[in-house]
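Colleague: One structure follows; several queries about it will come next.
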Amino acid sequence: MHLAYPAVLAALLFATGLYGVLARRNAILVLMSVELMLNAVNLNLVAFDVWLRDTLHAGQALTLFTIAIAAAEIGIGLAIVLMVYRNRGTSDVDRLRDTAEGRDSGRPDDTTARPEVAA
């Protein structure tokens, strides 16, 4: 097996995932795109492990760790997205970014305004 075939497929998967992360507004689709990028990395790890004929199979071991991290990431990420959707009513990433900034948009509100000192 040539190394070029899985490497090109992994590059296409990674590019598709990167486009999904940068272009999507829905948080669920962003998480799915991150998973696609991690699967591209897993494909590269296994392909290079087979190509190098490593006796320790380090690429496959690293792939198992990556799968475990991806499972934990999607579990926690999905729980966070669901709680945000319950509280805010949307999972739009642009709106979530606006709510993260909060009320502090460069102007002081009534509770933190300091009285002017007369000179």
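Just remember, in the structure tokens the first chain shown is A, the second B, etc., residues are 1-based per chain, and ligands are 1-based in the order shown.
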So that I can check the surroundings of Asn42 in chain A, please list as a list in words every protein, DNA and RNA residue that reaches within 9 Å of it, counting only C-alpha atoms and ignoring chain neighbours fewer than 2 positions away.

Modeller: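 In the requested form, the answer reads Ala10, Met37, Leu38, Asn39, Ala40, Asn44, Leu45, Val46, Ala47, Gly59, Gln60, Leu62, Thr63, Leu64, Thr66 and Ile67 of chain A.
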
Colleague: Next, dump the selected residues to file, keeping only all heavy atoms, as a tab-separated table (two decimals), in the first residue's frame.

Modeller:
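The resulting file, again_9.tsv, is shown below:
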chain	number	residue	atom	x	y	z
A	10	ALA	N	-6.55	11.77	4.32
A	10	ALA	CA	-6.50	12.45	5.61
A	10	ALA	C	-6.40	13.96	5.42
A	10	ALA	O	-7.02	14.72	6.17
A	10	ALA	CB	-5.30	11.95	6.42
A	37	MET	N	-11.61	16.37	12.05
A	37	MET	CA	-10.18	16.66	12.05
A	37	MET	C	-9.40	15.64	12.88
A	37	MET	O	-8.30	15.21	12.49
A	37	MET	CB	-9.95	18.08	12.57
A	37	MET	CG	-10.45	19.15	11.63
A	37	MET	SD	-10.54	20.80	12.34
A	37	MET	CE	-8.91	21.09	12.90
A	38	LEU	N	-9.96	15.24	14.01
A	38	LEU	CA	-9.29	14.22	14.83
A	38	LEU	C	-9.23	12.88	14.11
A	38	LEU	O	-8.25	12.14	14.23
A	38	LEU	CB	-10.00	14.09	16.17
A	38	LEU	CG	-9.76	15.23	17.15
A	38	LEU	CD1	-10.66	15.07	18.37
A	38	LEU	CD2	-8.32	15.31	17.57
A	39	ASN	N	-10.27	12.55	13.35
A	39	ASN	CA	-10.25	11.29	12.59
A	39	ASN	C	-9.22	11.34	11.47
A	39	ASN	O	-8.63	10.31	11.13
A	39	ASN	CB	-11.65	10.99	12.03
A	39	ASN	CG	-12.56	10.48	13.10
A	39	ASN	OD1	-12.12	9.87	14.08
A	39	ASN	ND2	-13.84	10.74	12.95
A	40	ALA	N	-8.99	12.51	10.90
A	40	ALA	CA	-7.93	12.64	9.89
A	40	ALA	C	-6.56	12.39	10.53
A	40	ALA	O	-5.70	11.73	9.94
A	40	ALA	CB	-7.98	14.02	9.26
A	44	ASN	N	-3.84	9.31	9.69
A	44	ASN	CA	-2.41	9.51	9.46
A	44	ASN	C	-1.56	8.68	10.42
A	44	ASN	O	-0.55	8.09	10.02
A	44	ASN	CB	-2.04	10.98	9.60
A	44	ASN	CG	-2.06	11.71	8.29
A	44	ASN	OD1	-1.90	11.10	7.24
A	44	ASN	ND2	-2.26	13.00	8.34
A	45	LEU	N	-1.96	8.62	11.68
A	45	LEU	CA	-1.19	7.83	12.66
A	45	LEU	C	-1.15	6.36	12.28
A	45	LEU	O	-0.08	5.73	12.31
A	45	LEU	CB	-1.78	8.01	14.05
A	45	LEU	CG	-1.50	9.33	14.75
A	45	LEU	CD1	-2.33	9.44	16.02
A	45	LEU	CD2	-0.03	9.45	15.08
A	46	VAL	N	-2.27	5.80	11.90
A	46	VAL	CA	-2.32	4.38	11.53
A	46	VAL	C	-1.58	4.14	10.22
A	46	VAL	O	-0.86	3.14	10.08
A	46	VAL	CB	-3.78	3.90	11.47
A	46	VAL	CG1	-3.86	2.50	10.90
A	46	VAL	CG2	-4.39	3.93	12.86
A	47	ALA	N	-1.73	5.04	9.26
A	47	ALA	CA	-1.05	4.86	7.98
A	47	ALA	C	0.46	4.89	8.13
A	47	ALA	O	1.17	4.06	7.55
A	47	ALA	CB	-1.51	5.93	6.99
A	59	GLY	N	1.87	4.14	16.59
A	59	GLY	CA	0.81	4.90	15.92
A	59	GLY	C	-0.57	4.42	16.31
A	59	GLY	O	-1.48	5.23	16.53
A	60	GLN	N	-0.73	3.12	16.44
A	60	GLN	CA	-2.03	2.58	16.85
A	60	GLN	C	-2.32	2.89	18.31
A	60	GLN	O	-3.46	3.16	18.68
A	60	GLN	CB	-2.07	1.08	16.59
A	60	GLN	CG	-2.04	0.74	15.11
A	60	GLN	CD	-2.05	-0.75	14.86
A	60	GLN	OE1	-2.36	-1.53	15.74
A	60	GLN	NE2	-1.71	-1.14	13.64
A	62	LEU	N	-1.22	5.57	19.95
A	62	LEU	CA	-1.57	6.98	19.98
A	62	LEU	C	-2.98	7.21	19.43
A	62	LEU	O	-3.70	8.10	19.90
A	62	LEU	CB	-0.56	7.81	19.19
A	62	LEU	CG	0.79	8.04	19.85
A	62	LEU	CD1	1.74	8.74	18.90
A	62	LEU	CD2	0.63	8.84	21.12
A	63	THR	N	-3.38	6.40	18.47
A	63	THR	CA	-4.74	6.50	17.93
A	63	THR	C	-5.77	6.16	19.01
A	63	THR	O	-6.82	6.81	19.10
A	63	THR	CB	-4.89	5.58	16.72
A	63	THR	OG1	-3.96	5.99	15.71
A	63	THR	CG2	-6.29	5.64	16.15
A	64	LEU	N	-5.48	5.15	19.81
A	64	LEU	CA	-6.41	4.81	20.90
A	64	LEU	C	-6.53	5.96	21.90
A	64	LEU	O	-7.63	6.26	22.39
A	64	LEU	CB	-5.95	3.53	21.60
A	64	LEU	CG	-6.16	2.24	20.81
A	64	LEU	CD1	-5.57	1.07	21.57
A	64	LEU	CD2	-7.63	2.02	20.56
A	66	THR	N	-6.08	9.11	21.20
A	66	THR	CA	-6.81	10.18	20.51
A	66	THR	C	-8.30	9.90	20.48
A	66	THR	O	-9.12	10.81	20.65
A	66	THR	CB	-6.27	10.34	19.07
A	66	THR	OG1	-4.87	10.51	19.12
A	66	THR	CG2	-6.90	11.53	18.39
A	67	ILE	N	-8.67	8.64	20.29
A	67	ILE	CA	-10.09	8.28	20.31
A	67	ILE	C	-10.68	8.50	21.69
A	67	ILE	O	-11.81	9.00	21.83
A	67	ILE	CB	-10.27	6.82	19.84
A	67	ILE	CG1	-9.97	6.71	18.34
A	67	ILE	CG2	-11.68	6.32	20.13
A	67	ILE	CD1	-9.91	5.29	17.83

Colleague: Here is a test: counting only C-alpha atoms, which residue of A:Ala61, A:Gly75, A:Val50, A:Asp94 is nearest to Leu31 in chain A?

Modeller: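 Of A:Ala61, A:Gly75, A:Val50, A:Asp94, the one nearest Leu31 in chain A is A:Gly75, counting only C-alpha atoms.
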
Colleague: Neighbours of Val21 in chain A within 10 Å (only C-alpha atoms; same-chain residues fewer than 6 positions away dropped), as a JSON list (two decimals) with N, CA and C atoms, in the first residue's frame?

Modeller:
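Result file selection-v5.json:
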[["chain", "number", "residue", "atom", "x", "y", "z"],
["A", 15, "ALA", "N", -9.00, 19.13, 5.84],
["A", 15, "ALA", "CA", -9.40, 20.40, 5.22],
["A", 15, "ALA", "C", -10.91, 20.60, 5.32],
["A", 27, "ALA", "N", -23.01, 25.29, 16.96],
["A", 27, "ALA", "CA", -21.99, 24.70, 17.83],
["A", 27, "ALA", "C", -21.90, 23.19, 17.64],
["A", 29, "LEU", "N", -22.36, 21.52, 14.83],
["A", 29, "LEU", "CA", -21.61, 21.28, 13.60],
["A", 29, "LEU", "C", -20.13, 21.60, 13.78],
["A", 30, "VAL", "N", -19.81, 22.54, 14.62],
["A", 30, "VAL", "CA", -18.40, 22.84, 14.91],
["A", 30, "VAL", "C", -17.77, 21.66, 15.65],
["A", 31, "LEU", "N", -18.49, 21.08, 16.60],
["A", 31, "LEU", "CA", -17.98, 19.90, 17.30],
["A", 31, "LEU", "C", -17.80, 18.72, 16.35],
["A", 32, "MET", "N", -18.73, 18.54, 15.43],
["A", 32, "MET", "CA", -18.59, 17.46, 14.44],
["A", 32, "MET", "C", -17.40, 17.70, 13.53],
["A", 33, "SER", "N", -17.11, 18.94, 13.21],
["A", 33, "SER", "CA", -15.95, 19.25, 12.37],
["A", 33, "SER", "C", -14.64, 18.99, 13.11],
["A", 34, "VAL", "N", -14.62, 19.26, 14.40],
["A", 34, "VAL", "CA", -13.44, 18.95, 15.20],
["A", 34, "VAL", "C", -13.22, 17.44, 15.24],
["A", 36, "LEU", "N", -14.06, 15.37, 12.89],
["A", 36, "LEU", "CA", -13.57, 15.01, 11.57],
["A", 36, "LEU", "C", -12.07, 15.27, 11.47],
["A", 37, "MET", "N", -11.61, 16.37, 12.05],
["A", 37, "MET", "CA", -10.18, 16.66, 12.05],
["A", 37, "MET", "C", -9.40, 15.64, 12.88]]

Colleague: Rounded to one decimal in Å, what is the spacing between CA of Ala68 in chain A and CA of Glu35 in chain A?

Modeller: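 These two atoms are separated by 11.7 Å.
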
Colleague: Out of A:Leu56, A:Val41, A:Leu96, A:Met1, which residue has the shortest atom-to-atom distance to Phe14 in chain A when counting only C-alpha atoms?

Modeller: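 Result for the nearest residue to Phe14 in chain A: A:Val41.
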
Colleague: CA of Ile28 in chain A and CA of Leu78 in chain A are how many Å apart?

Modeller: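 Atom-to-atom, CA of Ile28 in chain A and CA of Leu78 in chain A are spaced 7.3 Å apart.
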
Colleague: Find the distance between CA of Ala71 in chain A and CA of Asn87 in chain A and write it in Å to one decimal.

Modeller: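 Between CA of Ala71 in chain A and CA of Asn87 in chain A the gap works out to 24.5 Å.
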
Colleague: Can you list, as a ChimeraX atom specification, all residues belonging to chain A that DSSP tags as alpha helix (DSSP H)?

Modeller: /A:4-23,27-52,58-88,93-101
